[in-house]
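A.B. asks: Please find input_12.txt (compact mmCIF, N, CA and C atoms and all ligand atoms) on the next line:
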# COMPACT_ATOMS: atom_id res chain seq x y z
N MET A 11 121.20 90.75 107.12
CA MET A 11 120.65 91.69 108.11
C MET A 11 119.45 92.41 107.52
N PRO A 12 118.37 92.56 108.30
CA PRO A 12 117.22 93.29 107.77
C PRO A 12 117.58 94.73 107.43
N GLN A 13 116.74 95.32 106.60
CA GLN A 13 117.00 96.68 106.12
C GLN A 13 116.37 97.71 107.07
N ARG A 14 117.01 98.89 107.14
CA ARG A 14 116.45 99.98 107.95
C ARG A 14 115.94 101.11 107.07
N THR A 15 114.87 101.74 107.54
CA THR A 15 114.35 102.93 106.86
C THR A 15 114.01 103.98 107.91
N PHE A 16 113.77 105.18 107.41
CA PHE A 16 113.45 106.29 108.30
C PHE A 16 112.03 106.77 108.02
N SER A 17 111.31 107.10 109.08
CA SER A 17 109.93 107.54 108.92
C SER A 17 109.63 108.70 109.87
N ILE A 18 108.62 109.48 109.52
CA ILE A 18 108.11 110.54 110.40
C ILE A 18 106.58 110.46 110.43
N VAL A 19 106.03 110.45 111.63
CA VAL A 19 104.60 110.77 111.76
C VAL A 19 104.53 112.29 111.76
N LYS A 20 103.96 112.85 110.69
CA LYS A 20 104.04 114.30 110.45
C LYS A 20 103.12 115.08 111.40
N PRO A 21 103.37 116.40 111.52
CA PRO A 21 102.63 117.21 112.51
C PRO A 21 101.11 117.17 112.36
N ASP A 22 100.59 117.04 111.13
CA ASP A 22 99.12 116.98 110.96
C ASP A 22 98.55 115.77 111.68
N ALA A 23 99.20 114.62 111.51
CA ALA A 23 98.70 113.38 112.11
C ALA A 23 98.85 113.40 113.63
N VAL A 24 99.96 113.98 114.12
CA VAL A 24 100.13 114.10 115.57
C VAL A 24 99.03 114.99 116.15
N ARG A 25 98.80 116.15 115.48
CA ARG A 25 97.77 117.10 115.93
C ARG A 25 96.39 116.46 116.00
N LYS A 26 96.10 115.59 115.04
CA LYS A 26 94.77 114.98 114.99
C LYS A 26 94.63 113.77 115.91
N GLY A 27 95.72 113.41 116.60
CA GLY A 27 95.64 112.29 117.54
C GLY A 27 95.79 110.92 116.90
N TYR A 28 96.45 110.87 115.72
CA TYR A 28 96.60 109.61 115.00
C TYR A 28 97.91 108.87 115.28
N THR A 29 98.75 109.42 116.17
CA THR A 29 100.07 108.81 116.36
C THR A 29 99.96 107.32 116.71
N GLY A 30 99.15 107.02 117.71
CA GLY A 30 99.04 105.62 118.16
C GLY A 30 98.52 104.71 117.06
N ALA A 31 97.51 105.17 116.33
CA ALA A 31 96.93 104.35 115.26
C ALA A 31 97.95 104.10 114.15
N ILE A 32 98.76 105.10 113.83
CA ILE A 32 99.77 104.93 112.77
C ILE A 32 100.88 103.99 113.25
N LEU A 33 101.31 104.15 114.50
CA LEU A 33 102.32 103.22 115.03
C LEU A 33 101.78 101.79 115.05
N ALA A 34 100.48 101.64 115.31
CA ALA A 34 99.88 100.30 115.30
C ALA A 34 99.92 99.69 113.90
N GLU A 35 99.67 100.51 112.86
CA GLU A 35 99.74 100.01 111.48
C GLU A 35 101.17 99.57 111.15
N ILE A 36 102.13 100.36 111.60
CA ILE A 36 103.54 100.05 111.35
C ILE A 36 103.91 98.74 112.05
N ASP A 37 103.44 98.58 113.27
CA ASP A 37 103.70 97.38 114.06
C ASP A 37 103.06 96.15 113.40
N LYS A 38 101.80 96.31 112.99
CA LYS A 38 101.05 95.21 112.38
C LYS A 38 101.72 94.74 111.09
N ALA A 39 102.39 95.67 110.40
CA ALA A 39 103.06 95.33 109.14
C ALA A 39 104.42 94.66 109.38
N GLY A 40 104.81 94.50 110.63
CA GLY A 40 106.01 93.70 110.92
C GLY A 40 107.30 94.47 111.08
N PHE A 41 107.22 95.79 111.21
CA PHE A 41 108.44 96.58 111.43
C PHE A 41 108.83 96.54 112.90
N ARG A 42 110.13 96.50 113.14
CA ARG A 42 110.67 96.66 114.50
C ARG A 42 111.10 98.12 114.67
N ILE A 43 110.73 98.71 115.80
CA ILE A 43 111.14 100.10 116.07
C ILE A 43 112.55 100.09 116.64
N VAL A 44 113.49 100.68 115.87
CA VAL A 44 114.89 100.76 116.25
C VAL A 44 115.15 102.01 117.08
N ALA A 45 114.42 103.09 116.75
CA ALA A 45 114.52 104.35 117.48
C ALA A 45 113.22 105.11 117.29
N VAL A 46 112.83 105.85 118.32
CA VAL A 46 111.60 106.66 118.25
C VAL A 46 111.77 107.88 119.14
N ARG A 47 111.36 109.05 118.62
CA ARG A 47 111.46 110.28 119.43
C ARG A 47 110.42 111.29 118.96
N LYS A 48 109.59 111.75 119.93
CA LYS A 48 108.65 112.82 119.63
C LYS A 48 109.29 114.15 119.97
N GLN A 49 109.26 115.10 119.04
CA GLN A 49 109.86 116.40 119.27
C GLN A 49 109.28 117.41 118.28
N SER A 50 109.56 118.68 118.51
CA SER A 50 109.31 119.70 117.50
C SER A 50 110.63 119.98 116.79
N ILE A 51 110.56 120.40 115.53
CA ILE A 51 111.77 120.75 114.79
C ILE A 51 111.67 122.21 114.33
N SER A 52 112.82 122.83 114.14
CA SER A 52 112.84 124.21 113.66
C SER A 52 112.70 124.22 112.13
N LYS A 53 112.38 125.39 111.59
CA LYS A 53 112.30 125.48 110.13
C LYS A 53 113.65 125.21 109.47
N PRO A 54 114.76 125.74 109.98
CA PRO A 54 116.06 125.38 109.38
C PRO A 54 116.35 123.87 109.44
N GLN A 55 115.94 123.22 110.51
CA GLN A 55 116.13 121.76 110.57
C GLN A 55 115.31 121.07 109.48
N ALA A 56 114.07 121.54 109.26
CA ALA A 56 113.23 120.98 108.19
C ALA A 56 113.87 121.23 106.83
N GLU A 57 114.42 122.42 106.64
CA GLU A 57 115.05 122.75 105.35
C GLU A 57 116.26 121.85 105.07
N GLY A 58 117.02 121.54 106.10
CA GLY A 58 118.16 120.64 105.93
C GLY A 58 117.72 119.23 105.60
N PHE A 59 116.65 118.81 106.24
CA PHE A 59 116.14 117.46 106.00
C PHE A 59 115.62 117.30 104.58
N TYR A 60 114.89 118.31 104.09
CA TYR A 60 114.25 118.25 102.77
C TYR A 60 115.07 118.97 101.69
N TYR A 61 116.40 119.11 101.91
CA TYR A 61 117.20 119.93 100.97
C TYR A 61 117.07 119.46 99.52
N VAL A 62 116.80 118.15 99.30
CA VAL A 62 116.64 117.67 97.91
C VAL A 62 115.48 118.35 97.19
N HIS A 63 114.55 118.88 97.97
CA HIS A 63 113.38 119.53 97.37
C HIS A 63 113.51 121.05 97.34
N LYS A 64 114.72 121.59 97.57
CA LYS A 64 114.83 123.04 97.79
C LYS A 64 114.42 123.88 96.59
N GLU A 65 114.48 123.33 95.39
CA GLU A 65 114.06 124.09 94.21
C GLU A 65 112.57 123.94 93.88
N ARG A 66 111.89 123.07 94.62
CA ARG A 66 110.47 122.81 94.29
C ARG A 66 109.59 123.96 94.82
N PRO A 67 108.50 124.24 94.12
CA PRO A 67 107.63 125.37 94.53
C PRO A 67 107.03 125.19 95.92
N PHE A 68 106.86 123.95 96.36
CA PHE A 68 106.22 123.71 97.66
C PHE A 68 107.20 123.68 98.82
N PHE A 69 108.51 123.92 98.55
CA PHE A 69 109.54 123.74 99.58
C PHE A 69 109.30 124.60 100.83
N ASN A 70 109.03 125.88 100.63
CA ASN A 70 108.87 126.77 101.78
C ASN A 70 107.65 126.38 102.63
N ASP A 71 106.53 126.13 101.97
CA ASP A 71 105.32 125.72 102.70
C ASP A 71 105.54 124.39 103.42
N LEU A 72 106.23 123.49 102.75
CA LEU A 72 106.49 122.17 103.35
C LEU A 72 107.31 122.32 104.63
N CYS A 73 108.34 123.17 104.59
CA CYS A 73 109.20 123.34 105.77
C CYS A 73 108.48 124.09 106.89
N THR A 74 107.60 125.02 106.52
CA THR A 74 106.76 125.69 107.53
C THR A 74 105.84 124.67 108.19
N PHE A 75 105.22 123.84 107.39
CA PHE A 75 104.32 122.79 107.92
C PHE A 75 105.08 121.82 108.83
N MET A 76 106.23 121.36 108.40
CA MET A 76 106.96 120.35 109.18
C MET A 76 107.45 120.90 110.52
N SER A 77 107.58 122.24 110.61
CA SER A 77 108.00 122.85 111.87
C SER A 77 106.83 123.46 112.63
N SER A 78 105.60 123.08 112.27
CA SER A 78 104.40 123.70 112.86
C SER A 78 103.94 123.04 114.15
N GLY A 79 104.55 121.94 114.54
CA GLY A 79 104.12 121.26 115.76
C GLY A 79 104.89 119.97 115.92
N PRO A 80 104.69 119.29 117.04
CA PRO A 80 105.44 118.07 117.30
C PRO A 80 105.23 117.01 116.22
N LEU A 81 106.26 116.23 116.01
CA LEU A 81 106.20 115.09 115.09
C LEU A 81 106.91 113.92 115.76
N VAL A 82 106.84 112.76 115.13
CA VAL A 82 107.48 111.57 115.69
C VAL A 82 108.48 111.02 114.69
N LEU A 83 109.75 111.02 115.09
CA LEU A 83 110.84 110.50 114.26
C LEU A 83 111.03 109.02 114.56
N LEU A 84 111.18 108.22 113.51
CA LEU A 84 111.26 106.76 113.68
C LEU A 84 112.35 106.15 112.80
N VAL A 85 113.08 105.22 113.34
CA VAL A 85 113.90 104.32 112.53
C VAL A 85 113.26 102.94 112.63
N LEU A 86 112.99 102.34 111.48
CA LEU A 86 112.24 101.09 111.40
C LEU A 86 113.06 100.02 110.69
N GLU A 87 112.86 98.78 111.06
CA GLU A 87 113.65 97.69 110.51
C GLU A 87 112.79 96.48 110.17
N LYS A 88 113.04 95.93 109.01
CA LYS A 88 112.47 94.63 108.58
C LYS A 88 113.12 94.29 107.25
N ASP A 89 112.91 93.09 106.76
CA ASP A 89 113.35 92.77 105.41
C ASP A 89 112.58 93.68 104.45
N ASN A 90 113.28 94.25 103.47
CA ASN A 90 112.63 95.09 102.45
C ASN A 90 111.90 96.30 103.05
N ALA A 91 112.47 96.85 104.13
CA ALA A 91 111.79 97.91 104.89
C ALA A 91 111.46 99.14 104.04
N ILE A 92 112.39 99.55 103.16
CA ILE A 92 112.19 100.80 102.43
C ILE A 92 110.98 100.70 101.50
N ALA A 93 110.96 99.67 100.67
CA ALA A 93 109.84 99.52 99.73
C ALA A 93 108.55 99.16 100.47
N ASP A 94 108.64 98.33 101.50
CA ASP A 94 107.43 97.93 102.20
C ASP A 94 106.78 99.11 102.92
N LEU A 95 107.60 100.00 103.49
CA LEU A 95 107.01 101.18 104.15
C LEU A 95 106.35 102.08 103.11
N ARG A 96 107.01 102.27 101.96
CA ARG A 96 106.40 103.11 100.91
C ARG A 96 105.04 102.53 100.49
N GLY A 97 104.95 101.20 100.41
CA GLY A 97 103.67 100.56 100.07
C GLY A 97 102.63 100.79 101.14
N LEU A 98 103.04 100.68 102.40
CA LEU A 98 102.11 100.88 103.52
C LEU A 98 101.63 102.32 103.59
N MET A 99 102.49 103.27 103.21
CA MET A 99 102.14 104.70 103.25
C MET A 99 101.09 105.05 102.21
N GLY A 100 101.24 104.53 101.00
CA GLY A 100 100.38 104.92 99.88
C GLY A 100 100.91 106.14 99.15
N ALA A 101 100.20 106.55 98.11
CA ALA A 101 100.65 107.64 97.24
C ALA A 101 100.77 108.96 98.00
N THR A 102 101.68 109.83 97.53
CA THR A 102 101.93 111.13 98.16
C THR A 102 100.63 111.92 98.32
N ASN A 103 99.83 111.96 97.26
CA ASN A 103 98.54 112.63 97.31
C ASN A 103 97.49 111.63 97.81
N PRO A 104 96.89 111.89 98.98
CA PRO A 104 95.95 110.90 99.53
C PRO A 104 94.76 110.63 98.61
N ALA A 105 94.47 111.57 97.70
CA ALA A 105 93.39 111.33 96.74
C ALA A 105 93.71 110.15 95.83
N ASN A 106 95.01 109.87 95.67
CA ASN A 106 95.44 108.74 94.82
C ASN A 106 95.88 107.53 95.63
N ALA A 107 95.80 107.62 96.95
CA ALA A 107 96.33 106.53 97.80
C ALA A 107 95.40 105.32 97.77
N GLU A 108 96.01 104.15 97.74
CA GLU A 108 95.29 102.90 97.68
C GLU A 108 94.53 102.66 98.99
N GLU A 109 93.41 101.94 98.87
CA GLU A 109 92.61 101.54 100.04
C GLU A 109 93.51 100.79 101.04
N GLY A 110 93.34 101.09 102.31
CA GLY A 110 94.09 100.37 103.34
C GLY A 110 95.44 100.98 103.68
N THR A 111 95.88 101.98 102.91
CA THR A 111 97.18 102.59 103.21
C THR A 111 97.02 103.67 104.29
N ILE A 112 98.15 104.01 104.91
CA ILE A 112 98.13 105.00 105.99
C ILE A 112 97.66 106.35 105.47
N ARG A 113 98.12 106.74 104.29
CA ARG A 113 97.70 108.05 103.77
C ARG A 113 96.21 108.06 103.40
N LYS A 114 95.71 106.94 102.90
CA LYS A 114 94.27 106.86 102.60
C LYS A 114 93.47 107.07 103.88
N LYS A 115 93.95 106.46 104.97
CA LYS A 115 93.20 106.52 106.24
C LYS A 115 93.38 107.84 106.98
N PHE A 116 94.58 108.40 106.93
CA PHE A 116 94.91 109.47 107.89
C PHE A 116 95.35 110.79 107.26
N ALA A 117 95.64 110.83 105.97
CA ALA A 117 96.17 112.07 105.38
C ALA A 117 95.05 113.02 104.98
N GLY A 118 95.33 114.33 105.08
CA GLY A 118 94.33 115.33 104.74
C GLY A 118 94.53 115.97 103.38
N SER A 119 95.78 116.05 102.91
CA SER A 119 96.08 116.73 101.65
C SER A 119 97.44 116.28 101.14
N ILE A 120 97.81 116.73 99.93
CA ILE A 120 99.10 116.32 99.37
C ILE A 120 100.24 116.82 100.26
N GLN A 121 100.06 117.96 100.93
CA GLN A 121 101.12 118.43 101.82
C GLN A 121 101.00 117.80 103.21
N GLU A 122 99.82 117.84 103.77
CA GLU A 122 99.62 117.33 105.13
C GLU A 122 99.22 115.86 105.02
N ASN A 123 100.23 115.05 104.68
CA ASN A 123 99.94 113.66 104.30
C ASN A 123 100.43 112.62 105.30
N ALA A 124 100.44 113.00 106.57
CA ALA A 124 100.48 112.07 107.72
C ALA A 124 101.81 111.37 107.99
N ILE A 125 102.52 110.98 106.94
CA ILE A 125 103.71 110.14 107.17
C ILE A 125 104.76 110.38 106.10
N HIS A 126 106.02 110.26 106.51
CA HIS A 126 107.16 110.28 105.59
C HIS A 126 107.82 108.91 105.61
N GLY A 127 108.39 108.50 104.48
CA GLY A 127 109.23 107.31 104.44
C GLY A 127 110.35 107.50 103.44
N SER A 128 111.55 107.05 103.79
CA SER A 128 112.70 107.17 102.88
C SER A 128 112.39 106.50 101.54
N ASP A 129 112.96 107.08 100.45
CA ASP A 129 112.67 106.51 99.13
C ASP A 129 113.80 105.69 98.53
N GLY A 130 114.89 105.46 99.30
CA GLY A 130 115.98 104.63 98.77
C GLY A 130 117.02 104.40 99.84
N GLU A 131 118.00 103.54 99.54
CA GLU A 131 119.02 103.20 100.55
C GLU A 131 119.86 104.41 100.94
N ASP A 132 120.21 105.23 99.94
CA ASP A 132 121.05 106.40 100.23
C ASP A 132 120.29 107.42 101.08
N THR A 133 119.03 107.68 100.71
CA THR A 133 118.26 108.65 101.48
C THR A 133 117.97 108.12 102.87
N ALA A 134 117.73 106.82 103.01
CA ALA A 134 117.49 106.25 104.34
C ALA A 134 118.71 106.48 105.24
N ALA A 135 119.90 106.24 104.71
CA ALA A 135 121.12 106.41 105.51
C ALA A 135 121.30 107.88 105.90
N PHE A 136 121.08 108.78 104.93
CA PHE A 136 121.19 110.22 105.23
C PHE A 136 120.17 110.63 106.29
N GLU A 137 118.94 110.20 106.14
CA GLU A 137 117.85 110.65 107.02
C GLU A 137 118.01 110.08 108.43
N ILE A 138 118.41 108.83 108.56
CA ILE A 138 118.65 108.25 109.90
C ILE A 138 119.76 109.04 110.59
N GLY A 139 120.84 109.31 109.87
CA GLY A 139 121.98 110.03 110.45
C GLY A 139 121.68 111.49 110.76
N TYR A 140 120.72 112.06 110.03
CA TYR A 140 120.35 113.46 110.25
C TYR A 140 119.70 113.64 111.62
N TRP A 141 118.91 112.65 112.04
CA TRP A 141 118.11 112.80 113.27
C TRP A 141 118.59 111.98 114.45
N PHE A 142 119.35 110.92 114.20
CA PHE A 142 119.74 110.03 115.29
C PHE A 142 121.24 109.77 115.29
N ALA A 143 121.79 109.71 116.52
CA ALA A 143 123.17 109.26 116.69
C ALA A 143 123.20 107.73 116.70
N GLY A 144 124.32 107.18 116.37
CA GLY A 144 124.46 105.73 116.30
C GLY A 144 124.05 105.04 117.59
N TYR A 145 124.39 105.65 118.73
CA TYR A 145 124.09 104.99 120.03
C TYR A 145 122.60 104.97 120.35
N GLU A 146 121.80 105.72 119.56
CA GLU A 146 120.34 105.72 119.79
C GLU A 146 119.64 104.63 119.02
N LEU A 147 120.36 103.93 118.16
CA LEU A 147 119.75 102.89 117.32
C LEU A 147 119.89 101.57 118.04
N LEU A 148 118.76 101.09 118.57
CA LEU A 148 118.81 99.94 119.49
C LEU A 148 118.00 98.77 118.96
P1 LIG B 1 107.85 111.93 101.84
O1 LIG B 1 109.19 112.31 101.27
O2 LIG B 1 107.33 112.93 102.86
O3 LIG B 1 107.83 110.53 102.34
P2 LIG B 1 106.89 111.43 99.20
O4 LIG B 1 108.20 110.78 98.98
O5 LIG B 1 105.64 110.65 98.93
O6 LIG B 1 106.75 111.96 100.68
P3 LIG B 1 107.98 113.76 97.92
O7 LIG B 1 107.83 113.98 96.47
O8 LIG B 1 109.29 113.32 98.46
O9 LIG B 1 106.80 112.79 98.40
O10 LIG B 1 107.56 115.12 98.64
C1 LIG B 1 107.91 115.38 99.97
C2 LIG B 1 106.72 115.98 100.67
O11 LIG B 1 106.48 117.27 100.12
C3 LIG B 1 105.39 115.24 100.50
O12 LIG B 1 105.22 114.17 101.38
C4 LIG B 1 104.40 116.33 100.77
O13 LIG B 1 104.28 116.57 102.18
C5 LIG B 1 105.08 117.52 100.13
N1 LIG B 1 104.65 117.68 98.73
C6 LIG B 1 105.00 116.94 97.66
N2 LIG B 1 104.44 117.37 96.54
C7 LIG B 1 103.69 118.45 96.90
C8 LIG B 1 102.84 119.36 96.21
N3 LIG B 1 102.65 119.26 94.88
N4 LIG B 1 102.24 120.35 96.92
C9 LIG B 1 102.43 120.47 98.25
N5 LIG B 1 103.22 119.63 98.97
C10 LIG B 1 103.83 118.64 98.31
MG MG B 2 110.04 111.69 99.50
Show how you would write the structure in this file as structure tokens.
C.D. replies:
Amino acid sequence: MPQRTFSIVKPDAVRKGYTGAILAEIDKAGFRIVAVRKQSISKPQAEGFYYVHKERPFFNDLCTFMSSGPLVLLVLEKDNAIADLRGLMGATNPANAEEGTIRKKFAGSIQENAIHGSDGEDTAAFEIGYWFAGYELL
């Protein structure tokens, strides 16, 4: 069975009108959309999602940013989805992102970096379950 990963088109990219272009990159790379939902999230919801980063200095700003406007929650599927999405995204800091990656094209800063992708099987399972019920995965 192909692997599933979790992704977010972050509020900066939605605000700038890049949602369609980013979804097109994801589509072109061969991912199947299992679930998709545009919504705003509260700061406590962001804090729960990013709890692994709660001791990091950027945690509060990150959660304020993630709750600053609508975003797009995605569950994506393909063979090797987790690693392939991380490759498509590029480095966390867009200044270091490889040519052709989503962050190189669409990210503005290390914080406002356009897209999220799960970094492992355990985090993918946690993140999918955090935002979607089983019956929404189609
Ligand atoms: P993501 O988890 O969003 O896919 P990532 O795995 O590349 O990104 P992480 O180290 O998990 O990066 O950091 C989570 C998010 O926190 C980053 O995407 C970015 O928005 C923000 N972030 C990370 N490092 C910094 C930093 N030094 N300053 C400000 N924000 C940061
Ligand atoms: Mg991460």
A.B. asks: Kindly assemble as CSV a list of the chain A residues that lie within 12 Å of ligand MG 2 (chain B), each paired with its nearest atom pair and their distance in Å to one decimal, using only C-alpha atoms and all ligand atoms, sorted first by chain and then by ascending residue number.
C.D. replies:
residue,atom,partner,partner_atom,distance
A:Phe16,CA,B:MG2,MG,10.9
A:Ser17,CA,B:MG2,MG,10.3
A:Ile18,CA,B:MG2,MG,11.1
A:Phe59,CA,B:MG2,MG,10.6
A:Tyr60,CA,B:MG2,MG,8.5
A:Tyr61,CA,B:MG2,MG,11.0
A:Val62,CA,B:MG2,MG,9.0
A:His63,CA,B:MG2,MG,8.8
A:Leu72,CA,B:MG2,MG,11.7
A:Ile92,CA,B:MG2,MG,11.5
A:Leu95,CA,B:MG2,MG,11.9
A:Arg96,CA,B:MG2,MG,9.4
A:Met99,CA,B:MG2,MG,11.2
A:Gly100,CA,B:MG2,MG,11.8
A:Ala101,CA,B:MG2,MG,10.5
A:Thr102,CA,B:MG2,MG,8.2
A:Asn103,CA,B:MG2,MG,11.7
A:Ile120,CA,B:MG2,MG,11.9
A:Gln121,CA,B:MG2,MG,11.4
A:Asn123,CA,B:MG2,MG,11.4
A:Ile125,CA,B:MG2,MG,10.1
A:His126,CA,B:MG2,MG,6.9
A:Gly127,CA,B:MG2,MG,6.7
A:Ser128,CA,B:MG2,MG,6.2
A:Asp129,CA,B:MG2,MG,5.8
A:Gly130,CA,B:MG2,MG,9.3
A:Thr133,CA,B:MG2,MG,9.0
A:Ala134,CA,B:MG2,MG,10.4
A:Glu137,CA,B:MG2,MG,10.9
A.B. asks: Just checking: using only C-alpha atoms, which residue out of A:Pro21, A:Pro67, A:Gly40, A:Gly30 ends up closest to Asp94 in chain A?
C.D. replies: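 Of A:Pro21, A:Pro67, A:Gly40, A:Gly30, the one nearest Asp94 in chain A, counting only C-alpha atoms, is A:Gly40.
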A.B. asks: Near range 114-118 of chain A, counting all atoms listed in the file, which residues have an atom at most 6.5 Å away, once you skip same-chain residues fewer than 6 positions from it, shown as a count of residues only?
C.D. replies: 7
A.B. asks: Would you give the centre and edge lengths, in Å to one decimal, of a box along x, y and z around the listed atoms of range 92-108 of chain A, with 8 Å added to each side, as lines of an AutoDock Vina configuration file?
C.D. replies:
center_x = 102.9
center_y = 105.3
center_z = 99.5
size_x = 35.0
size_y = 30.7
size_z = 25.3
A.B. asks: Env of range 74-82 of chain A: 6.5 Å cut, atoms = only N, CA and C atoms, seq-sep filter 3 positions within chain, self excluded. Answer as a list in words.
C.D. replies: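 Here the qualifying residues turn out to be Ser17, Ile18, Val19, Lys20, Pro21, Val24, Val46, Arg47, Lys48, Gln49, Ser50, Ile51, Ser52, Lys53, Ala56, Phe69, Asn70 and Asp71 of chain A.
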A.B. asks: Kindly give the distance, in Å, that separates atom C of Thr15 in chain A and atom N of Asp37 in chain A, rounded to a single decimal.
C.D. replies: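 If I compute the distance from atom C of Thr15 in chain A to atom N of Asp37 in chain A, I get 13.0 Å.
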